$ cat structure-v4.txt   # compact mmCIF, C-alpha atoms
# COMPACT_ATOMS: atom_id res chain seq x y z
CA MET A 1449 -8.33 24.10 3.49
CA ASN A 1450 -8.68 21.28 0.94
CA THR A 1451 -5.03 20.36 1.50
CA LEU A 1452 -5.44 20.07 5.30
CA PHE A 1453 -8.63 18.06 4.79
CA ALA A 1454 -6.84 15.71 2.37
CA ILE A 1455 -3.90 15.24 4.77
CA ALA A 1456 -6.37 14.41 7.56
CA LEU A 1457 -8.10 11.86 5.30
CA VAL A 1458 -4.77 10.21 4.44
CA PHE A 1459 -3.62 9.91 8.07
CA VAL A 1460 -6.97 8.88 9.56
CA GLY A 1461 -7.96 6.58 6.67
CA CYS A 1462 -4.63 4.84 6.08
CA CYS A 1463 -3.63 4.41 9.73
CA SER A 1464 -7.09 3.06 10.63
CA ASN A 1465 -6.90 0.76 7.61
CA VAL A 1466 -3.68 -0.78 8.93
CA VAL A 1467 -5.32 -1.43 12.31
CA PHE A 1468 -8.33 -3.23 10.79
CA LEU A 1469 -6.12 -5.19 8.37
CA GLU A 1470 -3.98 -6.37 11.28
CA LEU A 1471 -7.11 -7.39 13.22
CA LEU A 1472 -8.21 -9.47 10.22
CA VAL A 1473 -4.80 -11.03 9.60
CA ARG A 1474 -4.25 -11.87 13.28
CA ASP A 1475 -7.18 -14.32 13.29
CA PHE A 1476 -7.08 -15.39 9.63
CA PRO A 1477 -3.57 -14.95 8.10
CA GLY A 1478 -4.80 -16.24 4.71
CA CYS A 1479 -7.63 -13.72 4.29
CA GLY A 1480 -5.74 -11.51 1.83
CA ASN A 1481 -7.89 -12.49 -1.17
CA ILE A 1482 -11.26 -11.67 0.41
CA VAL A 1483 -9.88 -8.35 1.69
CA THR A 1484 -8.56 -7.42 -1.77
CA PHE A 1485 -11.84 -8.44 -3.42
CA ALA A 1486 -13.94 -6.38 -0.98
CA GLN A 1487 -11.75 -3.29 -1.50
CA PHE A 1488 -11.88 -3.63 -5.29
CA ALA A 1489 -15.66 -4.20 -5.37
CA PHE A 1490 -16.41 -1.19 -3.13
CA ILE A 1491 -14.18 1.26 -5.05
CA ALA A 1492 -15.45 -0.07 -8.41
CA LEU A 1493 -19.09 0.42 -7.31
CA GLU A 1494 -18.39 3.97 -6.11
CA GLY A 1495 -16.59 4.80 -9.38
CA PHE A 1496 -19.36 3.26 -11.51
CA ILE A 1497 -21.92 5.55 -9.85
CA PHE A 1498 -19.98 8.80 -9.41
CA GLU A 1499 -17.22 8.65 -12.05
CA THR A 1500 -18.77 6.90 -15.08
CA HIS A 1501 -22.37 7.91 -14.21
CA PHE A 1502 -23.60 4.31 -14.52
CA GLY A 1503 -21.43 3.63 -17.59
CA ARG A 1504 -22.59 6.63 -19.63
CA LYS A 1505 -19.25 8.49 -19.51
CA LYS A 1506 -16.61 7.32 -22.00
CA PRO A 1507 -13.01 6.93 -20.79
CA HIS A 1508 -10.34 9.44 -21.89
CA ILE A 1509 -7.68 6.70 -22.05
CA PRO A 1510 -8.35 3.70 -24.39
CA LEU A 1511 -9.54 0.56 -22.59
CA SER A 1512 -6.75 -1.50 -24.21
CA ASN A 1513 -4.21 0.54 -22.21
CA TYR A 1514 -6.26 0.13 -19.04
CA VAL A 1515 -6.27 -3.65 -19.53
CA ILE A 1516 -2.44 -3.66 -19.45
CA MET A 1517 -2.31 -1.39 -16.40
CA VAL A 1518 -5.04 -3.34 -14.63
CA SER A 1519 -3.26 -6.66 -15.18
CA MET A 1520 -0.25 -5.26 -13.34
CA PHE A 1521 -2.33 -3.57 -10.62
CA PHE A 1522 -4.36 -6.72 -9.95
CA THR A 1523 -1.21 -8.83 -9.73
CA VAL A 1524 0.47 -6.39 -7.33
CA SER A 1525 -2.58 -6.09 -5.05
CA VAL A 1526 -3.22 -9.84 -4.82
CA ILE A 1527 0.44 -10.74 -4.26
CA ASN A 1528 0.95 -8.02 -1.62
CA ASN A 1529 -2.01 -9.25 0.43
CA TYR A 1530 -1.33 -12.95 -0.22
CA ALA A 1531 2.27 -12.55 1.01
CA LEU A 1532 0.86 -12.20 4.53
CA ASN A 1533 0.18 -15.98 4.35
CA PHE A 1534 3.93 -16.63 4.35
CA ASN A 1535 5.05 -15.68 7.88
CA ILE A 1536 5.48 -12.03 6.88
CA ALA A 1537 4.95 -9.74 9.89
CA MET A 1538 2.93 -6.58 9.27
CA PRO A 1539 5.81 -4.17 10.17
CA LEU A 1540 8.14 -5.89 7.66
CA HIS A 1541 5.33 -5.81 5.09
CA MET A 1542 5.04 -2.02 5.51
CA ILE A 1543 8.81 -1.42 5.46
CA PHE A 1544 9.17 -3.46 2.28
CA ARG A 1545 6.45 -1.47 0.53
CA SER A 1546 8.24 1.75 1.52
CA GLY A 1547 10.84 0.85 -1.11
CA SER A 1548 8.42 1.68 -3.95
CA LEU A 1549 10.09 5.02 -4.73
CA ILE A 1550 13.46 3.37 -5.10
CA ALA A 1551 12.11 0.49 -7.21
CA ASN A 1552 10.51 3.10 -9.48
CA MET A 1553 13.83 4.92 -9.76
CA ILE A 1554 15.79 1.75 -10.61
CA LEU A 1555 13.34 0.80 -13.37
CA GLY A 1556 13.35 4.42 -14.57
CA ILE A 1557 17.12 4.13 -15.08
CA ILE A 1558 16.79 0.77 -16.88
CA ILE A 1559 13.66 1.40 -18.99
CA LEU A 1560 13.44 5.19 -19.47
CA LYS A 1561 17.24 5.73 -19.41
CA LYS A 1562 16.83 8.44 -16.77
CA ARG A 1563 19.79 9.94 -14.92
CA TYR A 1564 19.68 11.21 -11.36
CA SER A 1565 21.78 13.31 -8.98
CA ALA A 1566 24.27 11.79 -6.52
CA SER A 1567 21.81 12.32 -3.63
CA LYS A 1568 19.22 10.18 -5.44
CA TYR A 1569 21.72 7.32 -5.86
CA LEU A 1570 22.64 7.65 -2.17
CA SER A 1571 18.94 7.33 -1.31
CA ILE A 1572 18.84 4.04 -3.25
CA VAL A 1573 21.69 2.69 -1.13
CA LEU A 1574 20.07 3.86 2.14
CA VAL A 1575 16.62 2.41 1.42
CA SER A 1576 18.09 -0.87 0.15
CA LEU A 1577 20.31 -1.10 3.25
CA GLY A 1578 17.39 -0.35 5.58
CA ILE A 1579 15.15 -2.98 4.00
CA PHE A 1580 18.04 -5.48 4.07
CA ILE A 1581 18.63 -4.89 7.83
CA CYS A 1582 14.92 -5.30 8.66
CA THR A 1583 14.64 -8.40 6.47
CA ILE A 1584 17.67 -10.10 8.07
CA MET A 1585 16.42 -9.30 11.58
CA SER A 1586 12.93 -10.62 10.70
CA ALA A 1587 14.48 -13.81 9.34
CA LYS A 1588 15.64 -14.60 12.90
CA GLN A 1589 12.04 -14.23 14.17
CA VAL A 1590 10.29 -16.58 11.75
CA HIS A 1591 7.52 -18.16 13.79
CA VAL A 1592 7.78 -21.91 14.37
CA GLU A 1593 5.29 -23.76 16.58
CA LYS A 1594 6.50 -25.26 19.85
CA GLY A 1595 7.67 -28.84 19.56
CA ALA A 1596 8.42 -28.44 15.85
CA THR A 1597 11.30 -30.44 14.39
CA GLU A 1598 14.34 -28.98 12.64
CA GLU A 1599 12.72 -29.94 9.33
CA ASP A 1600 9.60 -27.95 10.28
CA GLY A 1601 11.79 -24.97 11.12
CA PHE A 1602 13.50 -25.18 7.72
CA TYR A 1603 10.09 -25.43 6.01
CA ALA A 1604 8.84 -22.35 7.91
CA PHE A 1605 11.96 -20.42 6.89
CA MET A 1606 11.59 -21.38 3.20
CA HIS A 1607 7.92 -20.39 3.47
CA TRP A 1608 9.08 -16.97 4.70
CA ILE A 1609 11.67 -16.69 1.89
CA LEU A 1610 8.85 -17.27 -0.62
CA GLY A 1611 6.90 -14.42 1.02
CA ILE A 1612 9.92 -12.11 0.69
CA ALA A 1613 10.25 -13.10 -3.00
CA MET A 1614 6.56 -12.27 -3.52
CA LEU A 1615 6.96 -8.83 -1.90
CA THR A 1616 10.05 -8.13 -4.03
CA PHE A 1617 8.24 -9.11 -7.22
CA ALA A 1618 5.21 -6.98 -6.25
CA LEU A 1619 7.49 -4.01 -5.51
CA LEU A 1620 9.14 -4.17 -8.94
CA MET A 1621 5.83 -4.81 -10.72
CA SER A 1622 4.30 -1.80 -8.93
CA ALA A 1623 7.20 0.37 -10.10
CA ARG A 1624 6.78 -0.89 -13.68
CA MET A 1625 3.08 -0.03 -13.47
CA GLY A 1626 3.99 3.49 -12.27
CA ILE A 1627 6.22 4.03 -15.30
CA PHE A 1628 3.51 2.75 -17.65
CA GLN A 1629 0.99 5.05 -15.95
CA GLU A 1630 3.39 7.99 -16.33
CA THR A 1631 3.69 7.42 -20.09
CA LEU A 1632 -0.11 7.17 -20.42
CA TYR A 1633 -0.66 10.44 -18.54
CA LYS A 1634 1.89 12.19 -20.78
CA GLU A 1635 0.00 11.05 -23.88
CA TYR A 1636 -3.64 11.38 -22.75
CA GLY A 1637 -3.47 13.77 -19.77
CA LYS A 1638 -4.03 13.05 -16.05
CA HIS A 1639 -7.31 11.29 -15.29
CA SER A 1640 -6.50 9.75 -11.92
CA LYS A 1641 -10.09 9.24 -10.75
CA GLU A 1642 -10.95 7.50 -14.01
CA ALA A 1643 -7.84 5.33 -13.64
CA LEU A 1644 -8.83 4.54 -10.05
CA PHE A 1645 -12.21 3.21 -11.26
CA TYR A 1646 -10.90 1.09 -14.14
CA ASN A 1647 -8.00 -0.23 -12.04
CA HIS A 1648 -10.56 -1.63 -9.58
CA CYS A 1649 -13.43 -2.52 -11.93
CA LEU A 1650 -11.72 -4.41 -14.76
CA PRO A 1651 -9.89 -6.92 -12.50
CA LEU A 1652 -13.12 -8.09 -10.78
CA PRO A 1653 -13.60 -11.12 -13.11
CA GLY A 1654 -10.07 -12.21 -12.15
CA PHE A 1655 -11.30 -12.93 -8.64
CA LEU A 1656 -13.24 -15.91 -10.04
CA LEU A 1657 -9.87 -17.68 -10.04
CA LEU A 1658 -9.73 -17.07 -6.28
CA SER A 1659 -13.43 -17.70 -5.62
CA THR A 1660 -12.88 -20.93 -3.64
CA ASP A 1661 -10.53 -19.21 -1.20
CA ILE A 1662 -12.78 -16.13 -0.96
CA TYR A 1663 -15.85 -18.29 -0.25
CA ARG A 1664 -13.97 -20.34 2.37
CA HIS A 1665 -12.97 -17.20 4.25
CA ALA A 1666 -16.48 -15.77 3.91
CA VAL A 1667 -17.75 -18.87 5.75
CA LEU A 1668 -15.01 -18.53 8.39
CA PHE A 1669 -15.85 -14.83 8.85
CA SER A 1670 -19.53 -15.72 9.34
CA GLN A 1671 -18.55 -18.17 12.08
CA SER A 1672 -16.58 -15.55 14.05
CA SER A 1673 -17.91 -14.30 17.39
CA PRO A 1674 -20.81 -11.81 17.10
CA VAL A 1675 -20.51 -8.18 18.16
CA GLU A 1676 -23.35 -5.70 18.63
CA ILE A 1677 -23.30 -2.47 16.59
CA PRO A 1678 -24.28 0.30 19.05
CA VAL A 1679 -26.33 2.56 16.74
CA ILE A 1680 -28.60 -0.08 15.18
CA GLY A 1681 -28.47 -2.62 18.02
CA GLN A 1682 -27.83 -5.45 15.57
CA SER A 1683 -25.28 -8.23 16.10
CA VAL A 1684 -22.90 -9.15 13.27
CA PRO A 1685 -19.85 -11.48 13.10
CA VAL A 1686 -16.88 -9.40 14.24
CA MET A 1687 -14.72 -10.31 11.21
CA TRP A 1688 -17.32 -8.92 8.80
CA LEU A 1689 -17.32 -5.68 10.82
CA TYR A 1690 -13.51 -5.51 10.62
CA LEU A 1691 -13.68 -6.13 6.87
CA LEU A 1692 -16.29 -3.40 6.36
CA MET A 1693 -14.19 -0.91 8.34
CA ASN A 1694 -11.07 -1.95 6.42
CA VAL A 1695 -12.83 -1.29 3.10
CA ILE A 1696 -14.22 2.09 4.21
CA THR A 1697 -10.90 3.29 5.63
CA GLN A 1698 -9.09 2.10 2.47
CA TYR A 1699 -11.48 4.22 0.40
CA VAL A 1700 -10.98 7.24 2.70
CA CYS A 1701 -7.19 6.82 2.36
CA ILE A 1702 -7.31 6.59 -1.46
CA ARG A 1703 -9.65 9.60 -1.70
CA GLY A 1704 -7.27 11.60 0.50
CA VAL A 1705 -4.30 10.75 -1.72
CA PHE A 1706 -6.37 11.62 -4.83
CA ILE A 1707 -7.26 15.07 -3.43
CA LEU A 1708 -3.63 15.65 -2.45
CA THR A 1709 -2.40 14.87 -5.99
CA THR A 1710 -4.76 17.51 -7.41
CA GLU A 1711 -4.03 20.14 -4.73
CA CYS A 1712 -0.30 19.73 -3.97
CA ALA A 1713 3.05 19.17 -5.61
CA SER A 1714 4.24 15.57 -5.90
CA LEU A 1715 6.92 16.29 -3.27
CA THR A 1716 4.23 17.17 -0.70
CA VAL A 1717 2.26 14.03 -1.57
CA THR A 1718 5.35 11.85 -1.16
CA LEU A 1719 6.24 13.45 2.18
CA VAL A 1720 2.69 13.01 3.56
CA VAL A 1721 2.51 9.37 2.42
CA THR A 1722 5.98 8.66 3.87
CA LEU A 1723 5.06 10.15 7.26
CA ARG A 1724 1.79 8.21 7.18
CA LYS A 1725 3.67 4.95 6.61
CA PHE A 1726 5.94 5.71 9.55
CA LEU A 1727 2.95 6.43 11.83
CA SER A 1728 1.24 3.21 10.66
CA LEU A 1729 4.39 1.30 11.51
CA ILE A 1730 4.50 2.80 15.02
CA ILE A 1731 0.81 1.89 15.57
CA SER A 1732 1.41 -1.67 14.36
CA ILE A 1733 4.36 -2.12 16.73
CA LEU A 1734 2.93 -0.48 19.84
CA TYR A 1735 -0.77 -1.37 19.59
CA PHE A 1736 -0.32 -4.99 18.46
CA ASN A 1737 2.99 -5.66 20.25
CA ASN A 1738 4.65 -6.85 17.05
CA PRO A 1739 8.28 -7.96 17.62
CA PHE A 1740 10.59 -5.08 16.75
CA THR A 1741 14.24 -5.01 17.85
CA ALA A 1742 16.72 -2.13 18.02
CA TRP A 1743 18.07 -3.26 14.64
CA HIS A 1744 14.56 -3.02 13.19
CA TRP A 1745 14.42 0.61 14.37
CA VAL A 1746 17.81 1.27 12.75
CA GLY A 1747 16.63 -0.27 9.48
CA THR A 1748 13.38 1.68 9.59
CA ALA A 1749 15.20 4.96 10.27
CA VAL A 1750 17.56 4.30 7.34
CA VAL A 1751 14.60 3.54 5.01
CA PHE A 1752 12.80 6.75 5.89
CA LEU A 1753 16.01 8.80 5.79
CA GLY A 1754 16.63 7.49 2.27
CA THR A 1755 13.04 8.27 1.25
CA LEU A 1756 13.27 11.85 2.57
CA LEU A 1757 16.64 12.28 0.84
CA TYR A 1758 15.06 11.10 -2.43
CA THR A 1759 12.24 13.65 -2.17
CA GLU A 1760 14.73 16.46 -1.33
CA VAL A 1761 12.56 17.61 1.56
CA TYR A 1762 15.48 19.25 3.38
CA SER A 1763 16.50 21.25 0.28
CA SER A 1764 12.91 22.40 -0.28
CA ILE A 1765 12.52 23.51 3.37
CA ARG A 1766 15.84 25.39 3.20
CA VAL A 1767 14.83 27.18 -0.02
CA ALA A 1768 11.44 28.07 1.50
CA MET A 1769 13.12 29.48 4.63
CA LYS A 1770 15.54 31.56 2.52
CA GLY A 1771 12.55 32.90 0.61
CA GLU A 1772 10.83 33.94 3.85
CA LYS A 1773 14.01 35.69 5.10
CA ALA A 1774 14.34 37.54 1.78
CA ASP A 1775 10.71 38.70 2.04
CA LYS A 1776 11.28 39.99 5.60
CA LYS A 1777 14.38 41.93 4.51
CA ALA A 1778 12.43 43.46 1.62
CA GLU A 1779 9.82 44.69 4.12

$ encode --input "structure-v4.txt" --output "structure tokens"
Amino acid sequence: MNTLFAIALVFVGCCSNVVFLELLVRDFPGCGNIVTFAQFAFIALEGFIFETHFGRKKPHIPLSNYVIMVSMFFTVSVINNYALNFNIAMPLHMIFRSGSLIANMILGIIILKKRYSASKYLSIVLVSLGIFICTIMSAKQVHVEKGATEEDGFYAFMHWILGIAMLTFALLMSARMGIFQETLYKEYGKHSKEALFYNHCLPLPGFLLLSTDIYRHAVLFSQSSPVEIPVIGQSVPVMWLYLLMNVITQYVCIRGVFILTTECASLTVTLVVTLRKFLSLIISILYFNNPFTAWHWVGTAVVFLGTLLYTEVYSSIRVAMKGEKADKKAE
């Protein structure tokens, strides 16, 4: 029952989160910093009350280790959201982030000297190829305003290239953080809810560096058209409503993933998250009419095929089916 509830939270929370993020980014492409800050502040406040019991509960993992992890987490979160400023379409943004498993695997080979099966290496090739196809196709769709000169077009393209570089850096940094987190959990045990709190609480002072941009977007949000909330009959600027819903759905998504990690095997978690990403991509394309060519679909299919190959879903299903047949024969 808990597993089904967690899966529902992941799909409803994460897919809704993508919708509200797209609504925010459509009107204000540079709002990544205020979105990140709002998400961090909300999750930190919830963790301070329910996880640390207003600071009375001591952490299981030393704070010095959390500072290192938090530095990486803060960097990844800010860069991922800020990359949307650089002509990066939401579908490409999601496809790029689907390469996290593979980035983790590559760094595992380099840093932890891990070795994998041939199917795992094939999955690296497939995901890399899929992301490459989608990136090349998106490069042809870089938005340039009408009447722009050739120089403006070149500037827009270089702006896009910088966004791709930011996403690549964030992907590798996220994988490095995952490896660091793995080594911490081996030494101190799994304390994912505690890590969730400190990952969102400790970086909050870092947002002072982005305070000017956050304040500017807060003013812009306040100037957006008002919308009436049915239950309370109160009018609020529509962008603040979108931001609130984005924060709540982000929290629901994270809570769902947290419950899944405690209830299911990592393979199940990976499969659910992968399917959720695919559904989010479909919603982004169909609901918001984002440009998506046949080649984008090919690239997307290759990315998800590689991800499923990495998680050995087919092998696990086949083993499970053999087990069921053996049980029936025994009866």

$ residues_near_point --input "structure-v4.txt" --point "(5.4, -0.5, -10.7)" --cutoff "12 Å" --atoms "all atoms listed in the file" --output "PyMOL selection string"
chain A and resi 1517-1525+1545+1547-1556+1559+1616-1630

$ residues_around --input "structure-v4.txt" --residues "region 1480-1489 of chain A" --least-positions-apart "5" --cutoff "10 Å" --atoms "all atoms listed in the file" --output "NGL selection string"
:A and (1469 or 1472-1473 or 1494-1495 or 1522 or 1525-1533 or 1644-1645 or 1647-1652 or 1654-1655 or 1658-1659 or 1661-1666 or 1691-1692 or 1694-1699)

$ atom_distance --input "structure-v4.txt" --atom1 "CA of Val1467 (chain A)" --atom2 "CA of Ser1732 (chain A)"
7.0 Å

$ closest_atom_pairs --input "structure-v4.txt" --of "region 1527-1566 of chain A" --to "region 1576-1587 of chain A" --cutoff "8 Å" --atoms "only C-alpha atoms" --output "JSON lines"
{"residue": "A:Leu1540", "atom": "CA", "partner": "A:Cys1582", "partner_atom": "CA", "distance": 6.9}
{"residue": "A:Ile1543", "atom": "CA", "partner": "A:Ile1579", "partner_atom": "CA", "distance": 6.7}
{"residue": "A:Phe1544", "atom": "CA", "partner": "A:Ile1579", "partner_atom": "CA", "distance": 6.2}
{"residue": "A:Gly1547", "atom": "CA", "partner": "A:Ser1576", "partner_atom": "CA", "distance": 7.6}

$ closest_residue --input "structure-v4.txt" --among "A:Lys1641, A:Lys1725, A:Arg1703, A:His1744" --to "Pro1507 (chain A)" --atoms "only C-alpha atoms"
A:Lys1641

$ atom_distance --input "structure-v4.txt" --atom1 "CA of Thr1748 (chain A)" --atom2 "CA of His1607 (chain A)"
23.5 Å
